[in-house]
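> Quick one, start32.cif (mmCIF, C-alpha atoms):
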data_entry
loop_
_atom_site.label_atom_id
_atom_site.label_comp_id
_atom_site.auth_asym_id
_atom_site.auth_seq_id
_atom_site.Cartn_x
_atom_site.Cartn_y
_atom_site.Cartn_z
CA MET P 1 -15.65 9.91 -19.89
CA GLU P 2 -16.09 6.21 -20.70
CA ARG P 3 -14.89 3.81 -18.05
CA GLN P 4 -11.87 1.90 -19.33
CA ARG P 5 -11.75 -1.86 -18.89
CA ARG P 6 -8.83 -2.69 -16.63
CA ILE P 7 -6.19 -5.04 -17.95
CA TYR P 8 -4.15 -6.96 -15.39
CA SER P 9 -0.62 -8.20 -15.86
CA LEU P 10 0.29 -11.81 -15.16
CA GLU P 11 2.37 -10.77 -12.17
CA PHE P 12 -0.57 -8.82 -10.71
CA LYS P 13 -2.84 -11.87 -11.07
CA LEU P 14 -0.30 -14.18 -9.46
CA LYS P 15 0.34 -11.87 -6.52
CA ALA P 16 -3.39 -11.35 -6.04
CA VAL P 17 -3.90 -15.13 -5.88
CA GLU P 18 -0.95 -15.53 -3.51
CA LEU P 19 -2.23 -12.75 -1.23
CA SER P 20 -5.72 -14.28 -1.27
CA ASN P 21 -4.31 -17.69 -0.32
CA GLU P 22 -2.34 -16.17 2.53
CA ARG P 23 -5.28 -14.13 3.86
CA GLY P 24 -7.80 -16.94 3.30
CA SER P 25 -10.34 -14.56 1.76
CA SER P 26 -10.85 -13.58 -1.86
CA THR P 27 -13.49 -11.01 -0.91
CA ILE P 28 -11.29 -8.98 1.46
CA VAL P 29 -8.31 -8.97 -0.91
CA ALA P 30 -10.54 -8.04 -3.85
CA ARG P 31 -11.94 -5.08 -1.91
CA GLU P 32 -8.43 -3.88 -1.01
CA LEU P 33 -7.25 -4.22 -4.61
CA ASN P 34 -10.42 -2.48 -5.86
CA ILE P 35 -11.34 -5.38 -8.13
CA SER P 36 -14.15 -7.93 -8.31
CA SER P 37 -13.82 -11.03 -6.13
CA ASP P 38 -14.94 -12.99 -9.18
CA ASN P 39 -11.65 -12.02 -10.83
CA ILE P 40 -9.58 -13.57 -8.05
CA LYS P 41 -11.75 -16.70 -8.00
CA ARG P 42 -11.32 -17.05 -11.75
CA TRP P 43 -7.56 -16.51 -11.52
CA LYS P 44 -7.35 -19.14 -8.77
CA LYS P 45 -9.20 -21.59 -10.97
CA GLU P 46 -6.93 -20.79 -13.91
CA TYR P 47 -3.85 -21.24 -11.74
CA ASN P 48 -5.08 -24.61 -10.46
CA GLN P 49 -5.63 -25.66 -14.08
CA GLY P 50 -2.07 -24.65 -14.97
CA LYS P 51 -3.10 -21.69 -17.11
CA LEU P 52 -1.18 -19.21 -14.97
CA THR P 53 2.47 -19.68 -14.17
CA GLY P 54 4.72 -18.18 -11.53
CA LYS P 55 6.15 -18.69 -8.08
CA ILE P 56 3.05 -19.44 -6.05
CA VAL P 57 2.56 -22.15 -3.49
CA SER P 58 0.97 -25.15 -5.18
CA VAL P 59 -2.61 -26.23 -4.46
CA LYS P 60 -2.75 -27.58 -0.93
CA SER P 61 -3.55 -31.22 -0.34
CA LYS P 62 -6.19 -32.39 2.12
CA GLU P 63 -3.48 -33.07 4.71
CA GLU P 64 -2.03 -29.58 4.24
CA GLN P 65 -5.49 -28.02 4.59
CA GLU P 66 -6.03 -29.95 7.83
CA LEU P 67 -2.63 -28.77 9.04
CA ILE P 68 -3.61 -25.15 8.34
CA LEU P 69 -6.86 -25.66 10.26
CA LEU P 70 -4.95 -27.15 13.21
CA ARG P 71 -2.56 -24.20 13.19
CA LYS P 72 -5.49 -21.79 13.30
CA GLU P 73 -6.99 -23.70 16.24
CA LEU P 74 -3.61 -23.66 17.98
CA ALA P 75 -3.35 -19.90 17.43
CA ASP P 76 -6.82 -19.52 18.96
CA VAL P 77 -5.80 -21.54 22.02
CA LYS P 78 -2.58 -19.53 22.36
CA MET P 79 -4.59 -16.29 22.28
CA GLU P 80 -6.83 -17.56 25.08
CA ARG P 81 -3.74 -18.55 27.06
CA ASP P 82 -2.18 -15.09 26.57
CA ILE P 83 -5.39 -13.37 27.64
CA PHE P 84 -5.52 -15.49 30.81
CA LYS P 85 -1.83 -14.82 31.43
CA LYS P 86 -2.23 -11.05 31.16
CA GLY P 87 -5.71 -10.56 32.60
CA GLY P 88 -6.39 -13.63 34.71
CA GLN P 89 -6.43 -11.56 37.89
CA HIS P 90 -9.56 -9.80 36.60
CA LEU P 91 -11.65 -12.98 36.15
CA PHE P 92 -13.47 -12.59 39.49
CA GLN P 93 -13.50 -8.81 39.60
CA GLU P 94 -16.39 -6.53 38.69
CA ARG P 95 -17.34 -5.98 35.06
CA GLN P 96 -16.01 -2.40 35.04
CA VAL P 97 -12.45 -3.70 35.55
CA LYS P 98 -12.90 -6.31 32.84
CA PHE P 99 -14.22 -3.67 30.44
CA GLU P 100 -11.16 -1.50 31.10
CA PHE P 101 -8.85 -4.45 30.41
CA ILE P 102 -10.61 -5.18 27.10
CA LYS P 103 -10.41 -1.55 26.09
CA GLN P 104 -6.68 -1.32 26.87
CA ASN P 105 -5.80 -4.56 25.08
CA LYS P 106 -8.08 -4.58 22.04
CA TYR P 107 -5.10 -3.99 19.75
CA LEU P 108 -3.38 -7.10 21.12
CA PHE P 109 -6.37 -9.46 21.21
CA THR P 110 -9.77 -9.51 19.53
CA VAL P 111 -12.66 -8.03 21.53
CA GLU P 112 -14.75 -11.12 20.77
CA LYS P 113 -12.15 -13.49 22.22
CA MET P 114 -11.61 -11.39 25.37
CA CYS P 115 -15.38 -11.19 25.97
CA GLN P 116 -15.53 -14.96 25.55
CA VAL P 117 -12.73 -15.53 28.08
CA PHE P 118 -14.27 -13.15 30.65
CA LYS P 119 -17.79 -14.49 29.94
CA ILE P 120 -19.08 -11.03 29.03
CA ASN P 121 -21.71 -10.16 26.46
CA LYS P 122 -20.00 -8.26 23.65
CA SER P 123 -22.90 -5.83 23.30
CA SER P 124 -22.58 -4.96 26.99
CA TYR P 125 -18.97 -3.99 26.44
CA TYR P 126 -19.83 -1.72 23.51
CA LYS P 127 -22.64 -0.10 25.53
CA TRP P 128 -20.13 0.57 28.29
CA LEU P 129 -17.76 2.14 25.78
CA ILE P 130 -20.26 4.85 24.91
CA ARG P 131 -21.31 5.73 28.46
CA VAL P 132 -22.05 9.44 28.70
CA PRO P 133 -20.26 11.42 31.42
CA SER P 134 -20.74 14.51 29.19
CA LYS P 135 -21.48 15.20 25.55
CA ARG P 136 -17.99 16.60 24.89
CA ALA P 137 -16.22 13.77 26.74
CA LEU P 138 -18.35 11.20 24.94
CA TYR P 139 -17.65 12.71 21.55
CA ASN P 140 -13.92 12.94 22.25
CA GLN P 141 -13.88 9.32 23.40
CA ILE P 142 -15.65 8.14 20.26
CA LEU P 143 -13.34 10.34 18.21
CA LEU P 144 -10.29 8.85 19.93
CA GLU P 145 -11.48 5.32 19.22
CA GLU P 146 -11.87 6.20 15.54
CA ILE P 147 -8.45 7.87 15.51
CA LYS P 148 -6.90 4.70 16.95
CA ARG P 149 -8.69 2.56 14.39
CA ILE P 150 -7.42 4.71 11.51
CA TYR P 151 -3.93 4.91 13.04
CA TYR P 152 -3.50 1.17 13.49
CA TYR P 153 -5.38 0.23 10.31
CA ASN P 154 -2.85 2.28 8.38
CA ARG P 155 -0.03 0.66 10.38
CA LYS P 156 1.03 3.85 12.20
CA ARG P 157 1.77 5.61 8.89
CA TYR P 158 -0.68 8.50 9.39
CA GLY P 159 -0.09 11.65 11.42
CA SER P 160 -2.75 14.14 12.54
CA PRO P 161 -3.25 15.90 9.12
CA ARG P 162 -4.12 12.69 7.23
CA ILE P 163 -6.16 11.30 10.12
CA THR P 164 -8.12 14.57 10.29
CA LYS P 165 -8.88 14.27 6.57
CA GLU P 166 -9.93 10.63 7.01
CA LEU P 167 -12.25 11.61 9.87
CA LYS P 168 -13.80 14.34 7.76
CA MET P 169 -14.48 11.86 4.94
CA LEU P 170 -16.24 9.63 7.51
CA GLY P 171 -18.43 12.50 8.70
CA PHE P 172 -16.62 13.39 11.95
CA ILE P 173 -16.10 17.04 12.88
CA ALA P 174 -12.64 17.57 14.36
CA SER P 175 -9.88 20.14 13.93
CA LYS P 176 -6.26 19.18 13.35
CA GLU P 177 -5.44 20.69 16.75
CA LEU P 178 -7.96 18.42 18.53
CA VAL P 179 -6.77 15.33 16.67
CA ARG P 180 -3.16 16.21 17.46
CA LYS P 181 -4.07 16.69 21.14
CA LEU P 182 -5.90 13.36 21.41
CA MET P 183 -3.07 11.53 19.62
CA LYS P 184 -0.47 13.10 21.91
CA LYS P 185 -2.51 12.05 24.95
CA GLU P 186 -2.45 8.42 23.75
CA PHE P 187 1.21 8.61 22.57
CA LEU P 188 0.20 7.97 18.95
CA GLN P 189 2.92 9.20 16.62
CA SER P 190 3.37 8.56 12.91
CA ILE P 191 6.42 6.62 11.81
CA VAL P 192 9.50 8.86 11.91
CA LYS P 193 11.29 9.34 8.61
CA ARG P 194 14.89 8.32 8.16
CA LYS P 195 17.53 9.83 5.94
CA PHE P 196 17.17 8.38 2.45
CA LYS P 197 20.29 7.28 0.56
CA VAL P 198 20.21 7.65 -3.23
CA THR P 199 21.94 4.89 -5.20
CA THR P 200 22.37 5.25 -8.98
CA ASP P 201 24.99 3.65 -11.19
CA SER P 202 25.59 6.14 -14.02
CA SER P 203 29.11 5.01 -14.88
CA HIS P 204 28.42 3.46 -18.29
CA LYS P 205 29.19 4.04 -21.97
CA TYR P 206 25.65 4.67 -23.16
CA PRO P 207 24.52 8.16 -24.25
CA VAL P 208 22.20 10.17 -21.99
CA VAL P 209 19.58 12.80 -22.81
CA GLU P 210 18.90 16.25 -21.39
CA ASN P 211 16.52 17.06 -18.56
CA ASN P 212 13.31 17.82 -20.49
CA LEU P 213 11.18 17.52 -17.35
CA ASN P 214 13.02 20.39 -15.65
CA ARG P 215 11.29 19.75 -12.33
CA GLU P 216 7.80 20.42 -13.72
CA PHE P 217 6.10 17.99 -11.33
CA THR P 218 2.56 19.38 -11.73
CA VAL P 219 0.75 18.26 -14.89
CA SER P 220 -2.79 18.69 -16.26
CA ARG P 221 -3.66 15.23 -17.60
CA GLU P 222 -2.92 11.51 -17.41
CA ASN P 223 -0.04 10.23 -19.55
CA GLN P 224 1.63 13.63 -19.71
CA THR P 225 4.67 12.74 -17.61
CA TRP P 226 5.89 9.45 -16.16
CA VAL P 227 8.84 9.24 -13.78
CA SER P 228 10.77 6.10 -12.95
CA ASP P 229 13.50 4.91 -10.60
CA ILE P 230 15.03 1.79 -9.00
CA THR P 231 15.70 1.06 -5.34
CA TYR P 232 17.13 -1.78 -3.25
CA VAL P 233 15.40 -3.88 -0.58
CA ARG P 234 17.44 -6.09 1.74
CA THR P 235 16.28 -9.68 2.37
CA GLY P 236 17.79 -12.75 3.99
CA GLN P 237 18.39 -14.16 0.49
CA GLY P 238 20.12 -11.04 -0.82
CA TRP P 239 19.01 -7.84 -2.51
CA LEU P 240 15.61 -7.41 -4.14
CA TYR P 241 15.30 -4.61 -6.69
CA LEU P 242 12.12 -2.56 -7.06
CA THR P 243 11.49 -0.48 -10.17
CA SER P 244 8.56 1.93 -10.27
CA VAL P 245 6.84 4.06 -12.91
CA ILE P 246 4.65 6.88 -11.56
CA ASP P 247 2.19 9.10 -13.44
CA LEU P 248 2.67 12.64 -12.12
CA PHE P 249 -0.98 13.49 -12.77
CA ASP P 250 -2.34 11.51 -9.81
CA ARG P 251 0.92 10.10 -8.33
CA LYS P 252 -0.24 6.54 -9.02
CA VAL P 253 2.34 3.77 -9.36
CA ILE P 254 1.15 2.55 -12.76
CA GLY P 255 4.05 0.18 -13.36
CA TRP P 256 6.43 -1.70 -11.11
CA ALA P 257 8.79 -4.66 -11.20
CA LEU P 258 10.47 -6.79 -8.53
CA SER P 259 13.58 -8.73 -9.46
CA ALA P 260 16.66 -10.45 -8.10
CA THR P 261 18.80 -9.00 -10.91
CA MET P 262 19.54 -5.48 -12.16
CA SER P 263 19.19 -6.32 -15.85
CA ALA P 264 17.06 -3.93 -17.89
CA LYS P 265 14.62 -6.66 -18.97
CA ASP P 266 13.84 -7.43 -15.30
CA THR P 267 13.73 -3.82 -14.09
CA SER P 268 13.07 -0.80 -16.33
CA ILE P 269 11.60 -2.71 -19.30
CA LYS P 270 9.32 -4.87 -17.17
CA ALA P 271 7.97 -1.90 -15.18
CA PHE P 272 7.50 0.15 -18.37
CA LYS P 273 5.49 -2.63 -20.01
CA MET P 274 3.20 -2.85 -16.99
CA ALA P 275 2.67 0.92 -17.14
CA LEU P 276 1.62 0.64 -20.79
CA ILE P 277 -0.93 -2.04 -19.84
CA ASN P 278 -2.37 0.03 -16.99
CA ARG P 279 -2.35 3.33 -18.90
CA PRO P 280 -2.17 2.83 -22.67
CA ILE P 281 -0.88 5.79 -24.68
CA LYS P 282 -3.69 6.81 -27.02
CA ASN P 283 -3.88 9.07 -30.06
CA ASN P 284 -0.13 9.64 -30.07
CA GLN P 285 -0.28 11.61 -26.82
CA SER P 286 2.96 13.43 -26.13
CA LEU P 287 4.48 11.89 -23.00
CA ILE P 288 7.70 12.69 -21.14
CA PHE P 289 9.42 9.66 -19.61
CA HIS P 290 11.87 10.84 -16.95
CA SER P 291 14.47 8.81 -15.07
CA ASP P 292 17.97 9.06 -13.66
CA ARG P 293 21.07 8.26 -15.75
CA GLY P 294 21.31 4.65 -14.60
CA ILE P 295 22.37 1.99 -17.07
CA GLN P 296 18.91 0.37 -16.96
CA TYR P 297 17.44 3.53 -18.58
CA ALA P 298 20.33 4.38 -20.90
CA CYS P 299 21.00 0.93 -22.41
CA GLU P 300 19.99 0.05 -25.98
CA GLU P 301 17.40 -2.54 -24.90
CA PHE P 302 15.37 -0.02 -22.91
CA VAL P 303 15.75 2.80 -25.43
CA CYS P 304 14.52 0.45 -28.17
CA GLU P 305 11.47 -0.44 -26.06
CA LEU P 306 10.72 3.24 -25.46
CA ASN P 307 11.12 4.11 -29.12
CA LYS P 308 8.28 1.74 -30.04
CA GLN P 309 6.03 4.49 -28.66
CA LYS P 310 6.63 7.29 -31.16
CA SER P 311 5.22 10.06 -28.96
CA ILE P 312 7.49 9.49 -25.93
CA ILE P 313 10.10 12.15 -25.14
CA ARG P 314 12.98 10.88 -23.02
CA SER P 315 14.28 12.92 -20.10
CA MET P 316 17.05 12.29 -17.56
CA SER P 317 18.16 13.94 -14.34
CA ARG P 318 21.38 15.89 -14.27
CA LYS P 319 24.35 13.99 -12.92
CA GLY P 320 24.26 13.63 -9.14
CA ASN P 321 21.07 15.67 -8.79
CA CYS P 322 18.37 13.60 -7.08
CA TRP P 323 15.98 16.58 -6.90
CA ASP P 324 15.45 16.33 -10.67
CA ASN P 325 13.56 13.10 -10.00
CA ALA P 326 12.09 14.14 -6.65
CA VAL P 327 8.69 12.45 -7.03
CA ALA P 328 10.16 9.00 -7.73
CA GLU P 329 12.68 9.46 -4.90
CA SER P 330 9.88 10.60 -2.58
CA PHE P 331 7.84 7.47 -3.31
CA PHE P 332 10.77 5.23 -2.39
CA LYS P 333 11.39 7.24 0.78
CA THR P 334 7.73 6.85 1.75
CA LEU P 335 7.79 3.12 0.94
CA LYS P 336 10.90 2.55 3.03
CA VAL P 337 9.66 4.57 6.01
CA GLU P 338 6.13 3.14 6.02
CA LEU P 339 6.94 -0.47 5.09
CA ILE P 340 10.53 -1.64 4.54
CA TYR P 341 12.04 -0.26 7.76
CA GLN P 342 9.17 -1.79 9.75
CA ASN P 343 9.87 -5.34 8.52
CA ARG P 344 12.68 -7.84 8.32
CA TYR P 345 12.33 -10.03 5.25
CA LEU P 346 13.85 -13.51 5.39
CA THR P 347 13.11 -14.33 1.74
CA ARG P 348 12.64 -12.39 -1.49
CA GLN P 349 9.18 -13.89 -1.90
CA GLU P 350 8.14 -12.54 1.50
CA ALA P 351 9.35 -9.06 0.51
CA GLU P 352 7.65 -9.28 -2.90
CA LEU P 353 4.24 -10.03 -1.40
CA SER P 354 4.65 -7.30 1.22
CA ILE P 355 5.54 -4.67 -1.41
CA PHE P 356 2.75 -5.81 -3.74
CA GLU P 357 0.26 -5.48 -0.89
CA TYR P 358 1.56 -2.00 0.03
CA ILE P 359 1.40 -0.63 -3.52
CA GLU P 360 -1.88 -2.17 -4.69
CA THR P 361 -3.98 -2.25 -1.49
CA PHE P 362 -2.69 0.88 0.23
CA TYR P 363 -0.59 3.37 -1.74
CA ASN P 364 -2.62 3.28 -4.99
CA THR P 365 -6.02 2.99 -3.31
CA ASN P 366 -6.33 3.99 0.36
CA ARG P 367 -3.34 6.20 1.23
CA ARG P 368 -4.00 9.92 1.46
CA HIS P 369 -1.53 12.00 -0.56
CA LYS P 370 -0.50 15.49 0.47
CA GLN P 371 0.00 16.46 -3.19
CA LEU P 372 -3.65 15.55 -3.89
CA ASN P 373 -4.99 17.72 -1.04
CA ASN P 374 -5.00 14.67 1.22
CA LEU P 375 -7.32 12.75 -1.07
CA THR P 376 -6.69 9.13 -2.00
CA ILE P 377 -5.83 8.44 -5.64
CA LEU P 378 -9.26 6.85 -6.15
CA GLU P 379 -11.01 9.88 -4.63
CA TYR P 380 -8.93 12.21 -6.78
CA GLN P 381 -9.74 10.29 -9.96
CA LYS P 382 -13.45 10.35 -9.07
CA LEU P 383 -13.27 14.12 -8.47
CA ILE P 384 -11.60 14.71 -11.84
CA ASN P 385 -14.15 12.52 -13.65
CA ASN P 386 -17.03 14.39 -12.00
CA ASN P 387 -15.52 17.73 -13.01
CA LEU P 388 -15.16 16.54 -16.60
CA LYS P 389 -18.81 15.44 -16.67
CA MET P 390 -19.95 18.80 -15.33
CA ALA P 391 -17.83 20.65 -17.88
CA ALA P 392 -19.17 18.54 -20.79
#
Would you write the structure of this file as structure tokens?

Amino acid sequence: MERQRRIYSLEFKLKAVELSNERGSSTIVARELNISSDNIKRWKKEYNQGKLTGKIVSVKSKEEQELILLRKELADVKMERDIFKKGGQHLFQERQVKFEFIKQNKYLFTVEKMCQVFKINKSSYYKWLIRVPSKRALYNQILLEEIKRIYYYNRKRYGSPRITKELKMLGFIASKELVRKLMKKEFLQSIVKRKFKVTTDSSHKYPVVENNLNREFTVSRENQTWVSDITYVRTGQGWLYLTSVIDLFDRKVIGWALSATMSAKDTSIKAFKMALINRPIKNNQSLIFHSDRGIQYACEEFVCELNKQKSIIRSMSRKGNCWDNAVAESFFKTLKVELIYQNRYLTRQEAELSIFEYIETFYNTNRRHKQLNNLTILEYQKLINNNLKMAA
């Protein structure tokens, strides 16, 4: 299978630039987005030249750059102060006590900074970490450290099944029972799910279509079935509306839109157009597009946009039946549990960047999906491509 050249929407480029500016690193953001850092550097250059447009903080002046540097230095000083405040009593104690403090607080402060404050060689600390009371105890300790890293790296979203899969991919041998036991010992628990409220406005005059999907959520190829839905995100400036389009083949969010209005052009149409960019429909492939009966999917503007693709078959959930669009609903439930409920957004822009980061650097790339046998979407795509090559 030939590797397709990725095409990026304007909104994707702008959010990538904004995220890179916030993080201060094009390389890290590029790796998380699974793109070349040269792309982000080029997009930054284009933005500075006025070739890209959108709501992004303007190029910082020399004074602003100095202010950012001063803020970073202040943050560094504050961290030192907090370390002294919490662990100052250990300054004149033996190294063993200091090592224990560093180990217990490494998720609050950086190991490097704590070693600097306690005047300890960092390599000595890491040697202490892997001391060997017994082979089993040593292995379990190393395993626990890796479990914690995975747990906190994924922002407490992973339970023992996904962490076990992640460990296996990294070459660690551990059963789900052992991982569960070690997590319980350290009080590590995945984020608890809340009851999800479905909100769909289907009280409109536009005609609807029958449920052609009929809950067939397992498909055999890309661009066989797309599902779409809209949800609400609360911010200090009012509601933000997120529209998603998901390909059932690999559960990837191939199209999405964030807007302050519920108009079709800002929600369903915008997300659909992004999906077409990310996964073009080729050779008149037959594709089912499924949604609820909301006005954004039933209105003439959206239907006209859909009809430009002759091979698309429309499908809608039955009235009041959220299970007919279970995959789209499940994505929103996961998003809200793993991200939205864990944050309080003061502005729409803050929420937009947070959701962009979640979808593009986590959900579509690094998150393990139960429906894909706990593989990431990238791993699943690689597996499918390898199988196709072997079958050819």
> Could you work out how far atom CA of P:Asn278 lies from atom CA of P:Leu10, giving the answer in Å with one decimal?
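These two atoms are separated by 12.3 Å.
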> Find the spatial neighbours of stretch 166-180 of chain P, counting all atoms listed in the file, within a cut-off of 9 Å - ignore same-chain residues fewer than 3 positions away - and output them as a list in words.
Asn140, Leu143, Leu144, Glu146, Ile147, Ile150, Gly159, Ser160, Pro161, Arg162, Ile163, Met183, Lys184, Lys185, Arg368, Asn374 and Leu375 of chain P
> Name the residues in contact with P:His90 at a cut-off of 12 Å, using only C-alpha atoms, excluding same-chain residues fewer than 4 positions from it; report them as a PyMOL selection string.
chain P and resi 83-86+94-102+114+117-119
> Measure the distance from atom CA of P:Ser123 to atom CA of P:Arg81 in Å and round it to one decimal.
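Taking atom CA of P:Ser123 and atom CA of P:Arg81, their separation equals 23.3 Å.
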> Residues near P:Ser286, anyone? I mean within 7 Å using all atoms listed in the file, not counting same-chain ones fewer than 2 positions away, as a list of chain:residue names.
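Here the answer would be P:Gln224, P:Asn284, P:Ile288, P:Ser311, P:Ile312.
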> List, as JSON, numbers by chain, every residue that the PyMOL selection byres ((chain P and resi 14) around 12) selects in the file provided.
{"P": [8, 9, 10, 11, 12, 13, 15, 16, 17, 18, 19, 20, 21, 39, 40, 41, 42, 43, 44, 45, 46, 47, 48, 50, 51, 52, 53, 54, 55, 56, 57, 58, 352, 353, 356]}
> Grab the atom CA of P:Thr164 to atom CA of P:Asn105 distance for me, in Å with one decimal place.
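Calculated distance between atom CA of P:Thr164 and atom CA of P:Asn105 is 24.3 Å.
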> Return as number ranges by chain the set of residues that the PyMOL selection byres ((chain P and resi 271) around 8) yields on the displayed structure.
P: 243-245, 255-257, 267-270, 272-275
> Got a sec to resolve the PyMOL selection byres ((chain P and resi 251) around 9) on this structure and send the residues as a VMD selection string?
chain P and resid 246 to 250 252 to 254 327 331 364 369 371 to 372 377
